[in-house]
Amino acid sequence: MKFLASFSAFVGKTFSIWVILFAVLGFFLPDVFKQFAPWIVVLLGIIMFGMGLTISVDDFRELARRPHEVAIGVIAHFGIMPALALLLTRIIPMPPEVAAGVILVGCCPGGTSSNVMTYLARGDVALSVACTSVTTLAAPIVTPFLVWMFASQYLPVNAWSMFISIVQVIIVPLLLGVIAQKAVPGLVRAAIPVLPLVSVIGIVLIVAAVVGASKAAIVQSGLLIFAVVVLHNGLGYLFGYYASKVLGLNFYKRKALAIEVGMQNSGLGAALATAYFSPIAAVPSAIFSVWHNISGATLANWFASRQDADAPPRP
């Protein structure tokens with residue numbers, strides 16, 4: 001078990017490498033990995049169940065202790081990323097399916113990777129976790145509404161069905177994870193060291209499945225989608241940082257919110273795009289999953305070298 005925990009920690013720390021590797025494998029071995037496409041929702045549910053196993057009351061105490069800062073992060077996330085996605089689809093010509101996929105990933109809640117990147121950036125991890133938790137819980141309402149509002153000009157959007165799907169794939173597994181914490185705490189404590197391995201396996205299989213199922217479309221439009229994803233992600237970091245700066249947050253908190261805004265739950269985007277649009281619509285989410293881990297780690301390293309007087313000492 002100790003070896004498995006150590007291996008899990010290693011895989012978690014090298015997450016970006018595994019995502020890139022399996023994206024490449026999905027492209028060159030599409031027949032192998034596109035078989036996992038029907039299991040994308042199940043894989044995401046397993047990931048969210050693991051998140052539920054680690055959620056604590058302390059995550060929500062931050063909301064009660066400093067609601068203003070959490071509100072800034074949540075509003076910035078659901079305001080900036082969808083608006084940037086819509087802007088990019090308007091100024092860069094792209095097929096309707098791709099445009100819908102770009103908007104969909106922009107409307108997703110924060111990804112748990114942002115919490116890890118905020119830690120590496122020596123930012124406000126508690127604030128990052130609180131924002132991720134709130135955007136995740138708000139996703140069943142906010143994500144379908146925003147997708148309907150912005151993406152219905154490109155493809156038909158069934159917001160009610162999307163709401164049901166997000167409840168099933170996000171909220172139910174989360175709640176089951178929280179219940180398991182209370183029902184079998186000893187078992188949960190034993191399982192927690194292995195959770196990074198489970199999460200990484202789930203994400204890389206989702207990415208490889210989407211890439212494998214969309215290889216032809218990636219060959220045709222891959223560079224365009226990659227460019228849009230890079231712009232979307234990078235502008236998200238930039239606008240998240242300066243929005244929190246304008247609103248008076250210190251550098252320690254700005255680092256957290258810049259990363260929180262720029263990083264998405266792209267696994268949810270891939271699952272919803274596959275279910276409601278088309279495989280090509282899931283490609284922006286798959287590429288986002290690869291790219292935001294590379295860019296997030298790079299930004300975190302840059303942020304970590306720039307401390308400010310308000311940051312508490314790191315343990």
# chains A, B, ... in the order shown; residues from 1 in each chain; ligands from 1
$ select_by_dssp --residues "stretch 87-287 of chain A" --states "helix (DSSP H, G or I)" --output "ChimeraX atom specification"
/A:87-91,96-106,113-120,125-151,159-183,185-213,215-246,251-262,266-276,279-287
$ residues_around --residues "A:Pro193" --least-positions-apart "2" --cutoff "10 Å" --atoms "only C-alpha atoms" --output "mmCIF file with all heavy atoms, in the first residue's frame"
data_model
loop_
_atom_site.group_PDB
_atom_site.id
_atom_site.type_symbol
_atom_site.label_atom_id
_atom_site.label_comp_id
_atom_site.auth_asym_id
_atom_site.auth_seq_id
_atom_site.Cartn_x
_atom_site.Cartn_y
_atom_site.Cartn_z
ATOM 1 N N MET A 1 0.836 -1.205 0.000
ATOM 2 C CA MET A 1 0.000 0.000 0.000
ATOM 3 C C MET A 1 0.873 1.259 0.000
ATOM 4 O O MET A 1 0.540 2.252 -0.636
ATOM 5 C CB MET A 1 -0.918 -0.009 1.237
ATOM 6 C CG MET A 1 -1.925 1.109 1.255
ATOM 7 S SD MET A 1 -3.141 0.961 -0.086
ATOM 8 C CE MET A 1 -4.095 2.440 0.128
ATOM 9 N N LYS A 2 2.005 1.187 0.722
ATOM 10 C CA LYS A 2 2.900 2.337 0.768
ATOM 11 C C LYS A 2 3.477 2.619 -0.618
ATOM 12 O O LYS A 2 3.601 3.777 -1.032
ATOM 13 C CB LYS A 2 4.026 2.073 1.765
ATOM 14 C CG LYS A 2 4.876 3.302 2.060
ATOM 15 C CD LYS A 2 5.887 3.003 3.153
ATOM 16 C CE LYS A 2 5.198 2.822 4.502
ATOM 17 N NZ LYS A 2 6.187 2.685 5.600
ATOM 18 N N LEU A 4 1.994 1.893 -3.464
ATOM 19 C CA LEU A 4 0.905 2.418 -4.278
ATOM 20 C C LEU A 4 0.674 3.900 -3.984
ATOM 21 O O LEU A 4 0.446 4.701 -4.888
ATOM 22 C CB LEU A 4 -0.370 1.612 -4.018
ATOM 23 C CG LEU A 4 -1.551 1.869 -4.968
ATOM 24 C CD1 LEU A 4 -1.153 1.566 -6.408
ATOM 25 C CD2 LEU A 4 -2.749 1.005 -4.553
ATOM 26 N N ALA A 5 0.745 4.268 -2.702
ATOM 27 C CA ALA A 5 0.581 5.676 -2.318
ATOM 28 C C ALA A 5 1.708 6.530 -2.894
ATOM 29 O O ALA A 5 1.468 7.640 -3.386
ATOM 30 C CB ALA A 5 0.542 5.798 -0.799
ATOM 31 N N SER A 6 2.932 6.011 -2.863
ATOM 32 C CA SER A 6 4.069 6.750 -3.415
ATOM 33 C C SER A 6 3.942 6.898 -4.923
ATOM 34 O O SER A 6 4.208 7.971 -5.488
ATOM 35 C CB SER A 6 5.380 6.035 -3.081
ATOM 36 O OG SER A 6 5.565 5.957 -1.695
ATOM 37 N N PHE A 7 3.521 5.826 -5.577
ATOM 38 C CA PHE A 7 3.334 5.866 -7.022
ATOM 39 C C PHE A 7 2.219 6.844 -7.390
ATOM 40 O O PHE A 7 2.328 7.612 -8.351
ATOM 41 C CB PHE A 7 3.007 4.472 -7.557
ATOM 42 C CG PHE A 7 2.805 4.418 -9.052
ATOM 43 C CD1 PHE A 7 3.860 4.668 -9.918
ATOM 44 C CD2 PHE A 7 1.553 4.136 -9.584
ATOM 45 C CE1 PHE A 7 3.681 4.631 -11.292
ATOM 46 C CE2 PHE A 7 1.363 4.099 -10.954
ATOM 47 C CZ PHE A 7 2.426 4.342 -11.808
ATOM 48 N N SER A 8 1.144 6.834 -6.586
ATOM 49 C CA SER A 8 0.032 7.756 -6.811
ATOM 50 C C SER A 8 0.491 9.201 -6.689
ATOM 51 O O SER A 8 0.132 10.061 -7.509
ATOM 52 C CB SER A 8 -1.090 7.475 -5.808
ATOM 53 O OG SER A 8 -2.144 8.389 -5.950
ATOM 54 N N ALA A 9 1.306 9.484 -5.676
ATOM 55 C CA ALA A 9 1.834 10.843 -5.492
ATOM 56 C C ALA A 9 2.708 11.242 -6.670
ATOM 57 O O ALA A 9 2.635 12.383 -7.159
ATOM 58 C CB ALA A 9 2.623 10.925 -4.193
ATOM 59 N N VAL A 188 -12.048 5.588 3.943
ATOM 60 C CA VAL A 188 -11.770 6.789 3.149
ATOM 61 C C VAL A 188 -10.348 7.286 3.408
ATOM 62 O O VAL A 188 -9.619 7.630 2.481
ATOM 63 C CB VAL A 188 -12.803 7.891 3.450
ATOM 64 C CG1 VAL A 188 -12.371 9.220 2.836
ATOM 65 C CG2 VAL A 188 -14.173 7.486 2.925
ATOM 66 N N ARG A 189 -9.951 7.316 4.678
ATOM 67 C CA ARG A 189 -8.576 7.752 5.004
ATOM 68 C C ARG A 189 -7.544 6.867 4.331
ATOM 69 O O ARG A 189 -6.502 7.340 3.874
ATOM 70 C CB ARG A 189 -8.377 7.758 6.522
ATOM 71 C CG ARG A 189 -8.971 8.967 7.219
ATOM 72 C CD ARG A 189 -8.443 9.085 8.642
ATOM 73 N NE ARG A 189 -8.810 7.939 9.461
ATOM 74 C CZ ARG A 189 -9.943 7.844 10.160
ATOM 75 N NH1 ARG A 189 -10.825 8.845 10.128
ATOM 76 N NH2 ARG A 189 -10.206 6.784 10.878
ATOM 77 N N ALA A 190 -7.830 5.576 4.252
ATOM 78 C CA ALA A 190 -6.890 4.647 3.610
ATOM 79 C C ALA A 190 -6.853 4.857 2.098
ATOM 80 O O ALA A 190 -5.814 4.648 1.460
ATOM 81 C CB ALA A 190 -7.297 3.208 3.930
ATOM 82 N N ALA A 191 -7.992 5.291 1.528
ATOM 83 C CA ALA A 191 -8.081 5.430 0.074
ATOM 84 C C ALA A 191 -7.523 6.752 -0.429
ATOM 85 O O ALA A 191 -7.090 6.849 -1.583
ATOM 86 C CB ALA A 191 -9.540 5.284 -0.371
ATOM 87 N N LEU A 195 -6.030 8.468 -4.385
ATOM 88 C CA LEU A 195 -6.951 9.249 -5.210
ATOM 89 C C LEU A 195 -6.273 9.985 -6.371
ATOM 90 O O LEU A 195 -6.851 10.065 -7.464
ATOM 91 C CB LEU A 195 -7.726 10.245 -4.346
ATOM 92 C CG LEU A 195 -8.774 9.629 -3.405
ATOM 93 C CD1 LEU A 195 -9.497 10.717 -2.634
ATOM 94 C CD2 LEU A 195 -9.772 8.782 -4.184
ATOM 95 N N PRO A 196 -5.063 10.552 -6.187
ATOM 96 C CA PRO A 196 -4.431 11.193 -7.353
ATOM 97 C C PRO A 196 -4.266 10.248 -8.534
ATOM 98 O O PRO A 196 -4.476 10.644 -9.684
ATOM 99 C CB PRO A 196 -3.068 11.649 -6.801
ATOM 100 C CG PRO A 196 -3.303 11.831 -5.339
ATOM 101 C CD PRO A 196 -4.277 10.759 -4.953
ATOM 102 N N LEU A 197 -3.919 8.997 -8.258
ATOM 103 C CA LEU A 197 -3.756 8.012 -9.330
ATOM 104 C C LEU A 197 -5.081 7.767 -10.041
ATOM 105 O O LEU A 197 -5.149 7.739 -11.281
ATOM 106 C CB LEU A 197 -3.216 6.700 -8.752
ATOM 107 C CG LEU A 197 -3.056 5.530 -9.733
ATOM 108 C CD1 LEU A 197 -2.079 5.898 -10.839
ATOM 109 C CD2 LEU A 197 -2.595 4.275 -8.988
ATOM 110 N N VAL A 198 -6.162 7.616 -9.267
ATOM 111 C CA VAL A 198 -7.489 7.381 -9.847
ATOM 112 C C VAL A 198 -7.912 8.570 -10.705
ATOM 113 O O VAL A 198 -8.417 8.405 -11.822
ATOM 114 C CB VAL A 198 -8.521 7.121 -8.730
ATOM 115 C CG1 VAL A 198 -9.931 7.009 -9.308
ATOM 116 C CG2 VAL A 198 -8.172 5.859 -7.953
#
$ residues_around --residues "stretch 228-241 of chain A" --least-positions-apart "5" --cutoff "6 Å" --atoms "only C-alpha atoms" --output "list in words"
Arg254, Leu257, Ala258, Ile259, Val261, Gly262 and Phe288 of chain A
$ residues_around --residues "A:Gly177" --least-positions-apart "4" --cutoff "12 Å" --atoms "only C-alpha atoms" --output "list in words"
Gly45, Ile46, Ile47, Met48, Phe49, Gly50, Met51, Gly52, Leu53, Thr54, Ile55, Ser56, Ile170, Ile171, Val172, Pro173, Gln181, Lys182, Ala183, Val184, Pro185, Leu187, Val188, Ala191, Ile192 and Leu195 of chain A
$ residues_around --residues "A:Ala208" --least-positions-apart "4" --cutoff "7 Å" --atoms "only C-alpha atoms" --output "PyMOL selection string"
chain A and resi 22-23+25-26+33+204+212
$ closest_residue --among "A:Gly110, A:Ile166, A:Leu224, A:Glu69" --to "A:Asn250" --atoms "only C-alpha atoms"
A:Glu69
$ residues_around --residues "A:Leu86" --least-positions-apart "2" --cutoff "9 Å" --atoms "only C-alpha atoms" --output "ChimeraX atom specification"
/A:81-84,88-91,99,102-103,106,150-151
$ atom_distance --atom1 "atom CA of A:Arg66" --atom2 "atom CA of A:Val147"
29.2 Å
$ residues_around --residues "A:Met149" --least-positions-apart "3" --cutoff "12 Å" --atoms "only C-alpha atoms" --output "JSON, numbers by chain"
{"A": [82, 83, 86, 100, 103, 104, 107, 142, 143, 144, 145, 146, 152, 153, 154, 155, 156, 157, 158, 159]}
$ write_last_selection --atoms "all heavy atoms" --output "CSV table (one decimal), in the first residue's frame"
chain,number,residue,atom,x,y,z
A,82,PRO,N,-16.8,32.5,-20.0
A,82,PRO,CA,-17.8,32.5,-21.1
A,82,PRO,C,-17.7,33.7,-22.0
A,82,PRO,O,-17.9,33.5,-23.2
A,82,PRO,CB,-19.1,32.5,-20.3
A,82,PRO,CG,-18.8,31.9,-18.9
A,82,PRO,CD,-17.4,32.5,-18.7
A,83,ALA,N,-17.5,34.9,-21.5
A,83,ALA,CA,-17.4,36.1,-22.3
A,83,ALA,C,-16.3,36.0,-23.3
A,83,ALA,O,-16.4,36.3,-24.5
A,83,ALA,CB,-17.3,37.3,-21.5
A,86,LEU,N,-17.1,33.5,-26.1
A,86,LEU,CA,-18.0,34.0,-27.1
A,86,LEU,C,-17.3,35.0,-28.0
A,86,LEU,O,-17.5,35.0,-29.2
A,86,LEU,CB,-19.2,34.8,-26.4
A,86,LEU,CG,-20.2,35.4,-27.3
A,86,LEU,CD1,-20.9,34.4,-28.1
A,86,LEU,CD2,-21.2,36.3,-26.5
A,100,ALA,N,-19.3,25.9,-30.5
A,100,ALA,CA,-20.1,25.4,-29.4
A,100,ALA,C,-19.3,24.8,-28.3
A,100,ALA,O,-19.5,24.9,-27.1
A,100,ALA,CB,-21.2,24.4,-29.8
A,103,ILE,N,-17.3,27.5,-26.3
A,103,ILE,CA,-18.2,28.1,-25.4
A,103,ILE,C,-18.5,27.2,-24.2
A,103,ILE,O,-18.6,27.6,-23.0
A,103,ILE,CB,-19.5,28.6,-26.1
A,103,ILE,CG1,-19.2,29.8,-27.0
A,103,ILE,CG2,-20.6,29.0,-25.1
A,103,ILE,CD1,-20.3,30.2,-27.9
A,104,LEU,N,-18.7,25.9,-24.5
A,104,LEU,CA,-19.1,25.0,-23.4
A,104,LEU,C,-18.0,24.9,-22.4
A,104,LEU,O,-18.2,24.9,-21.2
A,104,LEU,CB,-19.4,23.6,-24.1
A,104,LEU,CG,-19.6,22.4,-23.1
A,104,LEU,CD1,-20.8,22.8,-22.1
A,104,LEU,CD2,-20.0,21.2,-23.9
A,107,CYS,N,-17.9,27.7,-20.1
A,107,CYS,CA,-19.0,27.8,-19.1
A,107,CYS,C,-18.9,26.8,-18.0
A,107,CYS,O,-19.8,26.7,-17.2
A,107,CYS,CB,-20.3,27.7,-19.9
A,107,CYS,SG,-20.7,29.0,-21.1
A,142,VAL,N,-25.8,27.2,-13.5
A,142,VAL,CA,-25.1,28.3,-14.2
A,142,VAL,C,-24.6,27.8,-15.6
A,142,VAL,O,-24.8,28.4,-16.6
A,142,VAL,CB,-23.9,28.8,-13.4
A,142,VAL,CG1,-23.2,29.9,-14.2
A,142,VAL,CG2,-24.4,29.4,-12.1
A,143,THR,N,-24.0,26.6,-15.6
A,143,THR,CA,-23.4,26.1,-16.9
A,143,THR,C,-24.5,25.9,-18.0
A,143,THR,O,-24.3,26.4,-19.1
A,143,THR,CB,-22.6,24.8,-16.6
A,143,THR,OG1,-21.5,25.1,-15.8
A,143,THR,CG2,-22.1,24.2,-17.9
A,144,PRO,N,-25.6,25.2,-17.7
A,144,PRO,CA,-26.6,25.0,-18.8
A,144,PRO,C,-27.1,26.4,-19.3
A,144,PRO,O,-27.4,26.6,-20.5
A,144,PRO,CB,-27.6,24.2,-18.2
A,144,PRO,CG,-27.0,23.4,-17.1
A,144,PRO,CD,-25.9,24.4,-16.5
A,145,PHE,N,-27.4,27.3,-18.3
A,145,PHE,CA,-27.9,28.6,-18.7
A,145,PHE,C,-27.0,29.4,-19.6
A,145,PHE,O,-27.4,29.9,-20.6
A,145,PHE,CB,-28.2,29.4,-17.4
A,145,PHE,CG,-28.6,30.8,-17.7
A,145,PHE,CD1,-29.9,31.1,-18.2
A,145,PHE,CD2,-27.7,31.9,-17.5
A,145,PHE,CE1,-30.3,32.4,-18.5
A,145,PHE,CE2,-28.1,33.2,-17.8
A,145,PHE,CZ,-29.4,33.5,-18.3
A,146,LEU,N,-25.7,29.4,-19.2
A,146,LEU,CA,-24.7,30.1,-20.0
A,146,LEU,C,-24.5,29.5,-21.4
A,146,LEU,O,-24.4,30.2,-22.4
A,146,LEU,CB,-23.4,30.2,-19.3
A,146,LEU,CG,-23.3,31.1,-18.0
A,146,LEU,CD1,-22.0,30.9,-17.3
A,146,LEU,CD2,-23.6,32.6,-18.3
A,152,SER,N,-26.4,28.5,-28.3
A,152,SER,CA,-27.6,28.1,-29.0
A,152,SER,C,-27.6,28.8,-30.4
A,152,SER,O,-28.3,28.3,-31.3
A,152,SER,CB,-28.9,28.4,-28.3
A,152,SER,OG,-28.9,29.8,-27.9
A,153,GLN,N,-26.8,29.8,-30.6
A,153,GLN,CA,-26.7,30.4,-32.0
A,153,GLN,C,-25.9,29.5,-32.9
A,153,GLN,O,-26.0,29.6,-34.1
A,153,GLN,CB,-26.0,31.7,-31.9
A,153,GLN,CG,-24.6,31.7,-31.3
A,153,GLN,CD,-24.0,33.0,-31.2
A,153,GLN,OE1,-23.9,33.8,-32.1
A,153,GLN,NE2,-23.6,33.4,-29.9
A,154,TYR,N,-25.2,28.5,-32.4
A,154,TYR,CA,-24.4,27.6,-33.2
A,154,TYR,C,-25.0,26.2,-33.3
A,154,TYR,O,-25.0,25.7,-34.4
A,154,TYR,CB,-23.0,27.5,-32.6
A,154,TYR,CG,-22.2,28.8,-32.6
A,154,TYR,CD1,-21.9,29.5,-31.4
A,154,TYR,CD2,-21.7,29.3,-33.8
A,154,TYR,CE1,-21.2,30.7,-31.4
A,154,TYR,CE2,-21.0,30.5,-33.8
A,154,TYR,CZ,-20.8,31.2,-32.6
A,154,TYR,OH,-20.1,32.4,-32.6
A,155,LEU,N,-25.5,25.7,-32.2
A,155,LEU,CA,-26.1,24.4,-32.2
A,155,LEU,C,-27.3,24.4,-31.2
A,155,LEU,O,-27.3,25.2,-30.3
A,155,LEU,CB,-25.1,23.3,-31.7
A,155,LEU,CG,-23.9,23.0,-32.6
A,155,LEU,CD1,-23.0,22.0,-32.0
A,155,LEU,CD2,-24.4,22.5,-34.0
A,156,PRO,N,-28.3,23.5,-31.4
A,156,PRO,CA,-29.4,23.5,-30.4
A,156,PRO,C,-28.9,23.1,-29.0
A,156,PRO,O,-28.0,22.2,-28.9
A,156,PRO,CB,-30.3,22.4,-31.0
A,156,PRO,CG,-29.9,22.3,-32.5
A,156,PRO,CD,-28.5,22.6,-32.5
A,157,VAL,N,-29.4,23.7,-28.0
A,157,VAL,CA,-29.0,23.4,-26.6
A,157,VAL,C,-30.2,23.0,-25.8
A,157,VAL,O,-31.1,23.8,-25.7
A,157,VAL,CB,-28.3,24.6,-26.0
A,157,VAL,CG1,-27.9,24.4,-24.5
A,157,VAL,CG2,-27.0,25.0,-26.8
A,158,ASN,N,-30.1,21.8,-25.2
A,158,ASN,CA,-31.2,21.4,-24.3
A,158,ASN,C,-30.7,21.6,-22.9
A,158,ASN,O,-30.1,20.8,-22.3
A,158,ASN,CB,-31.5,19.9,-24.5
A,158,ASN,CG,-32.7,19.5,-23.8
A,158,ASN,OD1,-33.0,20.0,-22.7
A,158,ASN,ND2,-33.5,18.5,-24.3
A,159,ALA,N,-31.0,22.8,-22.4
A,159,ALA,CA,-30.5,23.2,-21.1
A,159,ALA,C,-31.0,22.3,-19.9
A,159,ALA,O,-30.3,22.0,-19.0
A,159,ALA,CB,-30.8,24.7,-20.8
$ atom_distance --atom1 "atom CA of A:Ala275" --atom2 "atom CA of A:Val19"
21.8 Å
$ closest_residue --among "A:Val167, A:Ala64, A:Val207, A:Val41" --to "A:Ile141" --atoms "only C-alpha atoms"
A:Val167
$ atom_distance --atom1 "atom CA of A:Val57" --atom2 "atom CA of A:Ala130"
10.3 Å
$ closest_residue --among "A:Val24, A:Val129, A:Ala76, A:Ala256" --to "A:Ile287" --atoms "only C-alpha atoms"
A:Val24
